[in-house]
>>> print(open('run.pdb').read())   # PDB, C-alpha atoms and all ligand atoms
ATOM      1  CA  THR A 551      96.566  16.040  88.733  1.00  0.00           C
ATOM      2  CA  ASP A 552      98.933  18.668  87.389  1.00  0.00           C
ATOM      3  CA  ILE A 553     101.464  18.509  84.551  1.00  0.00           C
ATOM      4  CA  ILE A 554     104.901  19.215  86.004  1.00  0.00           C
ATOM      5  CA  ILE A 555     107.776  20.592  83.910  1.00  0.00           C
ATOM      6  CA  ALA A 556     111.244  20.473  85.495  1.00  0.00           C
ATOM      7  CA  THR A 557     112.350  23.927  84.383  1.00  0.00           C
ATOM      8  CA  THR A 558     112.956  27.403  85.790  1.00  0.00           C
ATOM      9  CA  ASN A 559     113.181  29.007  82.333  1.00  0.00           C
ATOM     10  CA  LYS A 560     110.246  31.447  81.965  1.00  0.00           C
ATOM     11  CA  GLY A 561     110.460  31.430  78.164  1.00  0.00           C
ATOM     12  CA  LYS A 562     110.064  27.646  78.102  1.00  0.00           C
ATOM     13  CA  ILE A 563     107.229  27.744  80.670  1.00  0.00           C
ATOM     14  CA  LYS A 564     105.258  30.235  78.562  1.00  0.00           C
ATOM     15  CA  GLU A 565     105.641  28.078  75.453  1.00  0.00           C
ATOM     16  CA  PHE A 566     104.708  24.870  77.301  1.00  0.00           C
ATOM     17  CA  LYS A 567     101.543  26.554  78.604  1.00  0.00           C
ATOM     18  CA  GLN A 568     100.565  27.631  75.080  1.00  0.00           C
ATOM     19  CA  LEU A 569     101.382  24.252  73.555  1.00  0.00           C
ATOM     20  CA  PHE A 570      99.351  22.385  76.172  1.00  0.00           C
ATOM     21  CA  GLU A 571      96.409  24.776  75.771  1.00  0.00           C
ATOM     22  CA  GLY A 572      93.067  23.027  75.587  1.00  0.00           C
ATOM     23  CA  ASN A 573      94.394  20.559  78.106  1.00  0.00           C
ATOM     24  CA  GLU A 574      92.424  20.930  81.333  1.00  0.00           C
ATOM     25  CA  ARG A 575      95.413  20.297  83.526  1.00  0.00           C
ATOM     26  CA  VAL A 576      97.397  22.918  85.420  1.00  0.00           C
ATOM     27  CA  ILE A 577     100.993  23.341  84.214  1.00  0.00           C
ATOM     28  CA  LYS A 578     103.479  23.601  87.056  1.00  0.00           C
ATOM     29  CA  SER A 579     107.221  24.263  86.909  1.00  0.00           C
ATOM     30  CA  LEU A 580     110.140  24.370  89.335  1.00  0.00           C
ATOM     31  CA  LEU A 581     109.099  27.984  90.024  1.00  0.00           C
ATOM     32  CA  ASP A 582     106.137  26.457  91.931  1.00  0.00           C
ATOM     33  CA  TYR A 583     108.556  24.416  94.086  1.00  0.00           C
ATOM     34  CA  PRO A 584     110.991  27.065  95.360  1.00  0.00           C
ATOM     35  CA  HIS A 585     112.266  24.768  98.121  1.00  0.00           C
ATOM     36  CA  ILE A 586     113.707  22.336  95.551  1.00  0.00           C
ATOM     37  CA  MET A 587     117.345  23.157  94.796  1.00  0.00           C
ATOM     38  CA  ASP A 588     118.711  23.685  91.306  1.00  0.00           C
ATOM     39  CA  ILE A 589     119.157  20.298  89.636  1.00  0.00           C
ATOM     40  CA  PRO A 590     122.777  19.912  88.447  1.00  0.00           C
ATOM     41  CA  GLU A 591     122.932  19.307  84.671  1.00  0.00           C
ATOM     42  CA  ASP A 592     126.185  17.406  84.243  1.00  0.00           C
ATOM     43  CA  GLY A 593     125.234  15.216  81.278  1.00  0.00           C
ATOM     44  CA  HIS A 594     127.020  15.225  77.921  1.00  0.00           C
ATOM     45  CA  THR A 595     123.994  15.244  75.615  1.00  0.00           C
ATOM     46  CA  PHE A 596     120.564  16.863  75.409  1.00  0.00           C
ATOM     47  CA  HIS A 597     119.075  13.420  76.168  1.00  0.00           C
ATOM     48  CA  GLU A 598     121.188  12.937  79.292  1.00  0.00           C
ATOM     49  CA  ASN A 599     120.429  16.402  80.639  1.00  0.00           C
ATOM     50  CA  ALA A 600     116.700  16.099  79.942  1.00  0.00           C
ATOM     51  CA  ALA A 601     116.672  12.727  81.738  1.00  0.00           C
ATOM     52  CA  ILE A 602     118.586  14.098  84.750  1.00  0.00           C
ATOM     53  CA  LYS A 603     116.082  16.932  85.212  1.00  0.00           C
ATOM     54  CA  ALA A 604     112.949  14.825  84.662  1.00  0.00           C
ATOM     55  CA  GLU A 605     114.073  11.791  86.696  1.00  0.00           C
ATOM     56  CA  THR A 606     115.407  13.848  89.613  1.00  0.00           C
ATOM     57  CA  LEU A 607     112.141  15.742  90.036  1.00  0.00           C
ATOM     58  CA  ALA A 608     109.994  12.653  89.393  1.00  0.00           C
ATOM     59  CA  GLY A 609     111.923  10.969  92.220  1.00  0.00           C
ATOM     60  CA  ILE A 610     111.393  13.876  94.603  1.00  0.00           C
ATOM     61  CA  LEU A 611     107.675  14.356  93.847  1.00  0.00           C
ATOM     62  CA  ASN A 612     106.913  10.680  93.078  1.00  0.00           C
ATOM     63  CA  CYS A 613     104.895  11.552  89.969  1.00  0.00           C
ATOM     64  CA  THR A 614     105.250  11.962  86.202  1.00  0.00           C
ATOM     65  CA  VAL A 615     107.568  14.838  85.246  1.00  0.00           C
ATOM     66  CA  ILE A 616     108.473  16.388  81.875  1.00  0.00           C
ATOM     67  CA  ALA A 617     111.809  18.118  81.204  1.00  0.00           C
ATOM     68  CA  ASP A 618     113.128  20.056  78.205  1.00  0.00           C
ATOM     69  CA  ASP A 619     116.808  20.245  77.389  1.00  0.00           C
ATOM     70  CA  SER A 620     117.494  22.428  74.409  1.00  0.00           C
ATOM     71  CA  GLY A 621     120.081  24.583  72.713  1.00  0.00           C
ATOM     72  CA  LEU A 622     121.442  26.135  69.566  1.00  0.00           C
ATOM     73  CA  GLU A 623     123.875  24.268  67.270  1.00  0.00           C
ATOM     74  CA  VAL A 624     125.844  26.538  64.926  1.00  0.00           C
ATOM     75  CA  ASP A 625     127.516  24.731  62.019  1.00  0.00           C
ATOM     76  CA  ALA A 626     130.425  27.188  61.655  1.00  0.00           C
ATOM     77  CA  LEU A 627     131.231  26.555  65.347  1.00  0.00           C
ATOM     78  CA  ASN A 628     131.066  22.757  65.023  1.00  0.00           C
ATOM     79  CA  GLY A 629     127.748  22.620  66.878  1.00  0.00           C
ATOM     80  CA  ALA A 630     128.565  25.078  69.680  1.00  0.00           C
ATOM     81  CA  PRO A 631     127.074  26.314  71.958  1.00  0.00           C
ATOM     82  CA  GLY A 632     124.907  23.145  71.914  1.00  0.00           C
ATOM     83  CA  ILE A 633     124.190  21.800  75.395  1.00  0.00           C
ATOM     84  CA  TYR A 634     126.073  24.798  76.833  1.00  0.00           C
ATOM     85  CA  SER A 635     123.693  27.345  75.245  1.00  0.00           C
ATOM     86  CA  ALA A 636     122.211  28.672  78.520  1.00  0.00           C
ATOM     87  CA  ARG A 637     125.625  29.533  79.995  1.00  0.00           C
ATOM     88  CA  TYR A 638     127.635  30.220  76.821  1.00  0.00           C
ATOM     89  CA  ALA A 639     128.983  33.574  78.040  1.00  0.00           C
ATOM     90  CA  GLY A 640     129.495  32.623  81.697  1.00  0.00           C
ATOM     91  CA  GLU A 641     128.284  30.820  84.843  1.00  0.00           C
ATOM     92  CA  GLN A 642     125.394  33.285  85.248  1.00  0.00           C
ATOM     93  CA  LYS A 643     122.644  32.716  82.635  1.00  0.00           C
ATOM     94  CA  ASN A 644     122.420  35.872  80.489  1.00  0.00           C
ATOM     95  CA  ASP A 645     120.656  35.922  77.105  1.00  0.00           C
ATOM     96  CA  ALA A 646     122.107  39.276  75.977  1.00  0.00           C
ATOM     97  CA  ALA A 647     125.675  38.266  76.855  1.00  0.00           C
ATOM     98  CA  ASN A 648     125.223  34.908  75.085  1.00  0.00           C
ATOM     99  CA  ILE A 649     124.019  36.649  71.913  1.00  0.00           C
ATOM    100  CA  GLU A 650     126.930  39.083  72.028  1.00  0.00           C
ATOM    101  CA  LYS A 651     129.442  36.264  72.407  1.00  0.00           C
ATOM    102  CA  LEU A 652     127.928  34.243  69.564  1.00  0.00           C
ATOM    103  CA  LEU A 653     127.908  37.223  67.179  1.00  0.00           C
ATOM    104  CA  LYS A 654     131.538  37.882  68.048  1.00  0.00           C
ATOM    105  CA  GLU A 655     132.501  34.247  67.340  1.00  0.00           C
ATOM    106  CA  LEU A 656     130.779  34.517  63.941  1.00  0.00           C
ATOM    107  CA  GLU A 657     132.299  37.870  62.974  1.00  0.00           C
ATOM    108  CA  GLY A 658     133.453  37.665  59.361  1.00  0.00           C
ATOM    109  CA  THR A 659     131.482  34.465  58.685  1.00  0.00           C
ATOM    110  CA  PRO A 660     129.403  35.011  55.514  1.00  0.00           C
ATOM    111  CA  GLU A 661     125.625  34.486  55.561  1.00  0.00           C
ATOM    112  CA  GLU A 662     125.698  31.185  53.653  1.00  0.00           C
ATOM    113  CA  LYS A 663     127.912  29.707  56.379  1.00  0.00           C
ATOM    114  CA  ARG A 664     125.793  30.918  59.315  1.00  0.00           C
ATOM    115  CA  THR A 665     123.412  27.957  59.267  1.00  0.00           C
ATOM    116  CA  ALA A 666     122.209  26.705  62.642  1.00  0.00           C
ATOM    117  CA  ARG A 667     119.478  24.739  64.342  1.00  0.00           C
ATOM    118  CA  PHE A 668     117.665  24.765  67.641  1.00  0.00           C
ATOM    119  CA  VAL A 669     117.347  21.305  69.175  1.00  0.00           C
ATOM    120  CA  CYS A 670     114.880  20.270  71.883  1.00  0.00           C
ATOM    121  CA  VAL A 671     114.807  16.936  73.666  1.00  0.00           C
ATOM    122  CA  ILE A 672     111.870  16.344  75.974  1.00  0.00           C
ATOM    123  CA  ALA A 673     112.111  13.584  78.554  1.00  0.00           C
ATOM    124  CA  VAL A 674     109.070  12.132  80.315  1.00  0.00           C
ATOM    125  CA  ALA A 675     110.016  10.388  83.556  1.00  0.00           C
ATOM    126  CA  GLN A 676     107.605   8.249  85.552  1.00  0.00           C
ATOM    127  CA  PRO A 677     108.454   6.546  88.839  1.00  0.00           C
ATOM    128  CA  GLY A 678     109.391   2.925  88.178  1.00  0.00           C
ATOM    129  CA  GLU A 679     109.228   3.263  84.367  1.00  0.00           C
ATOM    130  CA  GLU A 680     111.714   3.791  81.545  1.00  0.00           C
ATOM    131  CA  THR A 681     112.119   7.448  80.599  1.00  0.00           C
ATOM    132  CA  ILE A 682     110.651   8.330  77.187  1.00  0.00           C
ATOM    133  CA  TYR A 683     112.120  10.944  74.805  1.00  0.00           C
ATOM    134  CA  PHE A 684     110.787  13.239  72.080  1.00  0.00           C
ATOM    135  CA  LYS A 685     112.985  15.407  69.855  1.00  0.00           C
ATOM    136  CA  GLY A 686     112.410  18.403  67.620  1.00  0.00           C
ATOM    137  CA  GLN A 687     114.670  20.560  65.441  1.00  0.00           C
ATOM    138  CA  PHE A 688     114.283  24.036  63.953  1.00  0.00           C
ATOM    139  CA  ASP A 689     116.558  25.227  61.110  1.00  0.00           C
ATOM    140  CA  GLY A 690     117.633  28.841  60.657  1.00  0.00           C
ATOM    141  CA  ILE A 691     120.453  31.292  59.982  1.00  0.00           C
ATOM    142  CA  ILE A 692     122.314  33.403  62.544  1.00  0.00           C
ATOM    143  CA  THR A 693     121.867  37.115  61.750  1.00  0.00           C
ATOM    144  CA  SER A 694     124.619  39.691  62.233  1.00  0.00           C
ATOM    145  CA  GLN A 695     122.487  41.806  64.599  1.00  0.00           C
ATOM    146  CA  PRO A 696     119.594  41.126  66.997  1.00  0.00           C
ATOM    147  CA  GLN A 697     116.127  41.803  65.532  1.00  0.00           C
ATOM    148  CA  GLY A 698     112.837  41.625  67.471  1.00  0.00           C
ATOM    149  CA  GLU A 699     111.739  41.639  71.099  1.00  0.00           C
ATOM    150  CA  LYS A 700     109.613  38.514  71.434  1.00  0.00           C
ATOM    151  CA  GLY A 701     110.594  35.031  72.527  1.00  0.00           C
ATOM    152  CA  PHE A 702     113.705  34.422  74.636  1.00  0.00           C
ATOM    153  CA  GLY A 703     117.290  33.224  74.477  1.00  0.00           C
ATOM    154  CA  TYR A 704     118.816  33.359  71.001  1.00  0.00           C
ATOM    155  CA  ASP A 705     115.509  34.147  69.226  1.00  0.00           C
ATOM    156  CA  PRO A 706     116.558  37.708  68.174  1.00  0.00           C
ATOM    157  CA  ILE A 707     119.482  36.363  66.087  1.00  0.00           C
ATOM    158  CA  PHE A 708     117.704  33.261  64.714  1.00  0.00           C
ATOM    159  CA  TYR A 709     116.466  34.102  61.192  1.00  0.00           C
ATOM    160  CA  ILE A 710     113.831  31.891  59.558  1.00  0.00           C
ATOM    161  CA  PRO A 711     114.308  32.142  55.760  1.00  0.00           C
ATOM    162  CA  GLU A 712     110.733  30.999  54.874  1.00  0.00           C
ATOM    163  CA  LEU A 713     109.259  33.817  56.971  1.00  0.00           C
ATOM    164  CA  GLY A 714     111.895  36.487  56.362  1.00  0.00           C
ATOM    165  CA  GLN A 715     111.892  37.241  60.101  1.00  0.00           C
ATOM    166  CA  THR A 716     113.735  36.230  63.247  1.00  0.00           C
ATOM    167  CA  ALA A 717     112.155  34.001  65.900  1.00  0.00           C
ATOM    168  CA  ALA A 718     111.846  37.147  68.061  1.00  0.00           C
ATOM    169  CA  GLU A 719     109.749  38.953  65.420  1.00  0.00           C
ATOM    170  CA  ILE A 720     107.085  36.292  64.816  1.00  0.00           C
ATOM    171  CA  SER A 721     104.093  35.582  67.078  1.00  0.00           C
ATOM    172  CA  SER A 722     104.345  32.811  69.654  1.00  0.00           C
ATOM    173  CA  ASN A 723     101.788  30.820  67.621  1.00  0.00           C
ATOM    174  CA  GLU A 724     103.994  31.054  64.530  1.00  0.00           C
ATOM    175  CA  LYS A 725     107.035  30.042  66.562  1.00  0.00           C
ATOM    176  CA  ASN A 726     105.281  27.124  68.281  1.00  0.00           C
ATOM    177  CA  ALA A 727     104.000  25.809  64.930  1.00  0.00           C
ATOM    178  CA  ARG A 728     107.527  25.222  63.607  1.00  0.00           C
ATOM    179  CA  SER A 729     109.935  25.352  66.544  1.00  0.00           C
ATOM    180  CA  HIS A 730     112.063  22.560  67.983  1.00  0.00           C
ATOM    181  CA  ARG A 731     109.981  22.686  71.188  1.00  0.00           C
ATOM    182  CA  GLY A 732     106.687  22.822  69.298  1.00  0.00           C
ATOM    183  CA  LYS A 733     107.601  19.744  67.238  1.00  0.00           C
ATOM    184  CA  ALA A 734     108.801  17.762  70.255  1.00  0.00           C
ATOM    185  CA  ILE A 735     105.610  18.589  72.173  1.00  0.00           C
ATOM    186  CA  GLN A 736     103.387  17.695  69.186  1.00  0.00           C
ATOM    187  CA  GLU A 737     105.040  14.249  69.218  1.00  0.00           C
ATOM    188  CA  LEU A 738     104.607  13.991  72.972  1.00  0.00           C
ATOM    189  CA  LEU A 739     100.913  14.863  72.722  1.00  0.00           C
ATOM    190  CA  LYS A 740     100.350  11.942  70.310  1.00  0.00           C
ATOM    191  CA  TYR A 741     101.416   9.562  73.066  1.00  0.00           C
ATOM    192  CA  LYS A 742     100.053  11.428  76.069  1.00  0.00           C
ATOM    193  CA  ASN A 743      97.597   8.681  76.978  1.00  0.00           C
ATOM    194  CA  LEU A 744     100.507   6.269  77.466  1.00  0.00           C
ATOM    195  CA  PHE A 745     101.682   8.192  80.491  1.00  0.00           C
ATOM    196  CA  ASN A 746      98.305   9.664  81.469  1.00  0.00           C
ATOM    197  CA  LEU A 747      99.189  13.259  80.715  1.00  0.00           C
TER     198      LEU A 747
HETATM  199  P1  LIG B   1     116.054  24.703  82.583  1.00  0.00           P
HETATM  200  O1  LIG B   1     117.265  23.806  82.604  1.00  0.00           O
HETATM  201  O2  LIG B   1     115.614  25.145  83.925  1.00  0.00           O
HETATM  202  O3  LIG B   1     114.936  24.133  81.761  1.00  0.00           O
HETATM  203  P2  LIG B   1     117.749  26.379  80.914  1.00  0.00           P
HETATM  204  O4  LIG B   1     117.546  27.696  80.231  1.00  0.00           O
HETATM  205  O5  LIG B   1     119.007  26.208  81.708  1.00  0.00           O
HETATM  206  O6  LIG B   1     116.450  26.090  81.820  1.00  0.00           O
HETATM  207  P3  LIG B   1     118.721  24.463  78.988  1.00  0.00           P
HETATM  208  O7  LIG B   1     119.843  23.996  79.815  1.00  0.00           O
HETATM  209  O8  LIG B   1     117.920  23.454  78.211  1.00  0.00           O
HETATM  210  O9  LIG B   1     117.634  25.235  79.855  1.00  0.00           O
HETATM  211  O10 LIG B   1     119.274  25.573  78.000  1.00  0.00           O
HETATM  212  C1  LIG B   1     118.526  25.983  76.920  1.00  0.00           C
HETATM  213  C2  LIG B   1     119.121  27.266  76.336  1.00  0.00           C
HETATM  214  O11 LIG B   1     119.095  27.181  74.903  1.00  0.00           O
HETATM  215  C3  LIG B   1     118.255  28.457  76.707  1.00  0.00           C
HETATM  216  O12 LIG B   1     118.701  29.063  77.914  1.00  0.00           O
HETATM  217  C4  LIG B   1     118.429  29.359  75.487  1.00  0.00           C
HETATM  218  O13 LIG B   1     119.641  30.088  75.600  1.00  0.00           O
HETATM  219  C5  LIG B   1     118.576  28.360  74.345  1.00  0.00           C
HETATM  220  N1  LIG B   1     117.248  28.054  73.766  1.00  0.00           N
HETATM  221  C6  LIG B   1     116.543  26.890  73.881  1.00  0.00           C
HETATM  222  N2  LIG B   1     115.354  26.987  73.264  1.00  0.00           N
HETATM  223  C7  LIG B   1     115.304  28.240  72.750  1.00  0.00           C
HETATM  224  C8  LIG B   1     114.327  28.953  72.016  1.00  0.00           C
HETATM  225  O14 LIG B   1     113.138  28.416  71.731  1.00  0.00           O
HETATM  226  N3  LIG B   1     114.611  30.197  71.651  1.00  0.00           N
HETATM  227  C9  LIG B   1     115.782  30.778  71.960  1.00  0.00           C
HETATM  228  N4  LIG B   1     116.751  30.186  72.669  1.00  0.00           N
HETATM  229  C10 LIG B   1     116.517  28.917  73.062  1.00  0.00           C
END
>>> encode(input="run.pdb", output="structure tokens")
Amino acid sequence: TDIIIATTNKGKIKEFKQLFEGNERVIKSLLDYPHIMDIPEDGHTFHENAAIKAETLAGILNCTVIADDSGLEVDALNGAPGIYSARYAGEQKNDAANIEKLLKELEGTPEEKRTARFVCVIAVAQPGEETIYFKGQFDGIITSQPQGEKGFGYDPIFYIPELGQTAAEISSNEKNARSHRGKAIQELLKYKNLFNL
């Protein structure tokens, strides 16, 4: 059987495929189920939103489903954009507009106060079972200008001090080895036999 991820985000799908590499199973996403409508994310936490996505799709397909709810918490903005990261600049998801808005909000904020972290909560929902969660975090600094073309979302303004590069300048292997999503999936893989993944 396939591994099903309740997401339409192509950046996430690419990283999930890389992180599950070596696994024989086919990775499917909501892009493979175009007849299923957008799942409303009206929770108040990463955990709630991850559960809504995973449990809704698990209910529709009657099988095990994984979901990822993630976002960027900026300390100088009291944790914003947080769970609202995908639509920070407006109803329509737009990475470039989100970056522009965030840089504007941080204008005049000195480097030492531009600390931030990516957070990823993965929910695994199985019909008739309690949903299980895995979490990962990734610390960095918000740059004053975008740098790099790789990755997705806020990667071009997320500077990793140990590497001296943004998350959009490093290879996907380097990102997966330390990212919020990479850490959450490493945890998940330790327990994969529990939910026959
Ligand atoms: P799905 O709900 O379909 O999975 P989404 O993009 O709406 O897709 P989220 O609600 O979890 O997913 O929002 C996550 C947002 O946080 C994402 O759109 C990016 O803006 C940001 N984000 C999360 N992980 C990121 C990463 O690894 N690099 C850069 N930005 C990231």
>>> resolve_selection(input="run.pdb", expression="the PyMOL selection byres (((not hetatm)) within 7 of (chain B and resi 1))", output="number ranges by chain")
A: 556-559, 617-622, 633-636, 645, 668, 670, 701-705, 729, 731
>>> residues_around(input="run.pdb", residues="A:Ser579", least_positions_apart="3", cutoff="12 Å", atoms="all atoms listed in the file", output="list in words")
Asp552, Ile553, Ile554, Ile555, Ala556, Thr557, Thr558, Asn559, Lys560, Gly561, Lys562, Ile563, Lys564, Phe566, Lys567, Val576, Asp582, Tyr583, Pro584, Ile586, Lys603, Ala604, Leu607, Val615, Ile616, Ala617 and Asp618 of chain A
>>> resolve_selection(input="run.pdb", expression="the PyMOL selection byres (((chain A and resi 692-698) around 9) and not hetatm)", output="PDB file with C-alpha atoms, keeping the file's coordinate frame")
ATOM      1  CA  VAL A 624     125.844  26.538  64.926  1.00  0.00           C
ATOM      2  CA  ILE A 649     124.019  36.649  71.913  1.00  0.00           C
ATOM      3  CA  LEU A 653     127.908  37.223  67.179  1.00  0.00           C
ATOM      4  CA  LEU A 656     130.779  34.517  63.941  1.00  0.00           C
ATOM      5  CA  GLU A 657     132.299  37.870  62.974  1.00  0.00           C
ATOM      6  CA  GLU A 661     125.625  34.486  55.561  1.00  0.00           C
ATOM      7  CA  ARG A 664     125.793  30.918  59.315  1.00  0.00           C
ATOM      8  CA  THR A 665     123.412  27.957  59.267  1.00  0.00           C
ATOM      9  CA  ALA A 666     122.209  26.705  62.642  1.00  0.00           C
ATOM     10  CA  GLY A 690     117.633  28.841  60.657  1.00  0.00           C
ATOM     11  CA  ILE A 691     120.453  31.292  59.982  1.00  0.00           C
ATOM     12  CA  GLU A 699     111.739  41.639  71.099  1.00  0.00           C
ATOM     13  CA  LYS A 700     109.613  38.514  71.434  1.00  0.00           C
ATOM     14  CA  GLY A 701     110.594  35.031  72.527  1.00  0.00           C
ATOM     15  CA  TYR A 704     118.816  33.359  71.001  1.00  0.00           C
ATOM     16  CA  ASP A 705     115.509  34.147  69.226  1.00  0.00           C
ATOM     17  CA  PRO A 706     116.558  37.708  68.174  1.00  0.00           C
ATOM     18  CA  ILE A 707     119.482  36.363  66.087  1.00  0.00           C
ATOM     19  CA  PHE A 708     117.704  33.261  64.714  1.00  0.00           C
ATOM     20  CA  TYR A 709     116.466  34.102  61.192  1.00  0.00           C
ATOM     21  CA  GLN A 715     111.892  37.241  60.101  1.00  0.00           C
ATOM     22  CA  THR A 716     113.735  36.230  63.247  1.00  0.00           C
ATOM     23  CA  ALA A 717     112.155  34.001  65.900  1.00  0.00           C
ATOM     24  CA  ALA A 718     111.846  37.147  68.061  1.00  0.00           C
ATOM     25  CA  GLU A 719     109.749  38.953  65.420  1.00  0.00           C
ATOM     26  CA  ILE A 720     107.085  36.292  64.816  1.00  0.00           C
TER      27      ILE A 720
END
>>> closest_residue(input="run.pdb", among="A:Gln676, A:Thr659, A:Thr606, A:Asn723", to="A:Leu580", atoms="all atoms listed in the file")
A:Thr606
>>> residues_around(input="run.pdb", residues="A:Ile682", least_positions_apart="4", cutoff="9 Å", atoms="only C-alpha atoms", output="PDB file with C-alpha atoms, in the coordinates of the input")
ATOM      1  CA  ALA A 601     116.672  12.727  81.738  1.00  0.00           C
ATOM      2  CA  ILE A 672     111.870  16.344  75.974  1.00  0.00           C
ATOM      3  CA  ALA A 673     112.111  13.584  78.554  1.00  0.00           C
ATOM      4  CA  VAL A 674     109.070  12.132  80.315  1.00  0.00           C
ATOM      5  CA  ALA A 675     110.016  10.388  83.556  1.00  0.00           C
ATOM      6  CA  GLN A 676     107.605   8.249  85.552  1.00  0.00           C
TER       7      GLN A 676
END
>>> resolve_selection(input="run.pdb", expression="the PyMOL selection byres (((chain A and resi 733) around 9) and not hetatm)", output="PDB file with C-alpha atoms, in the coordinates of the input")
ATOM      1  CA  CYS A 670     114.880  20.270  71.883  1.00  0.00           C
ATOM      2  CA  PHE A 684     110.787  13.239  72.080  1.00  0.00           C
ATOM      3  CA  LYS A 685     112.985  15.407  69.855  1.00  0.00           C
ATOM      4  CA  GLY A 686     112.410  18.403  67.620  1.00  0.00           C
ATOM      5  CA  GLN A 687     114.670  20.560  65.441  1.00  0.00           C
ATOM      6  CA  PHE A 688     114.283  24.036  63.953  1.00  0.00           C
ATOM      7  CA  ASN A 726     105.281  27.124  68.281  1.00  0.00           C
ATOM      8  CA  ALA A 727     104.000  25.809  64.930  1.00  0.00           C
ATOM      9  CA  ARG A 728     107.527  25.222  63.607  1.00  0.00           C
ATOM     10  CA  SER A 729     109.935  25.352  66.544  1.00  0.00           C
ATOM     11  CA  HIS A 730     112.063  22.560  67.983  1.00  0.00           C
ATOM     12  CA  ARG A 731     109.981  22.686  71.188  1.00  0.00           C
ATOM     13  CA  GLY A 732     106.687  22.822  69.298  1.00  0.00           C
ATOM     14  CA  ALA A 734     108.801  17.762  70.255  1.00  0.00           C
ATOM     15  CA  ILE A 735     105.610  18.589  72.173  1.00  0.00           C
ATOM     16  CA  GLN A 736     103.387  17.695  69.186  1.00  0.00           C
ATOM     17  CA  GLU A 737     105.040  14.249  69.218  1.00  0.00           C
ATOM     18  CA  LEU A 738     104.607  13.991  72.972  1.00  0.00           C
TER      19      LEU A 738
END
>>> axis_aligned_box(input="run.pdb", around="stretch 683-695 of chain A", padding_each_side="6 Å", output="lines of an AutoDock Vina configuration file")
center_x = 117.7
center_y = 26.4
center_z = 67.4
size_x = 25.8
size_y = 42.9
size_z = 26.8
>>> atom_distance(input="run.pdb", atom1="atom CA of A:Phe596", atom2="atom CA of A:Tyr683")
10.3 Å
>>> closest_residue(input="run.pdb", among="A:Asn599, A:Thr681, A:Asn628, A:Asn648", to="A:Thr614", atoms="only C-alpha atoms")
A:Thr681
>>> atom_distance(input="run.pdb", atom1="atom CA of A:Ser721", atom2="atom CA of A:Lys651")
25.9 Å
>>> atom_distance(input="run.pdb", atom1="atom CA of A:Leu747", atom2="atom CA of A:His597")
20.4 Å
>>> closest_residue(input="run.pdb", among="A:Gln642, A:Lys654, A:Glu591, A:Leu569", to="A:Glu605", atoms="all atoms listed in the file")
A:Glu591
>>> residues_around(input="run.pdb", residues="A:Gly678", least_positions_apart="4", cutoff="10 Å", atoms="only C-alpha atoms", output="MDAnalysis selection string")
chainID A and resid 608:609 612:613
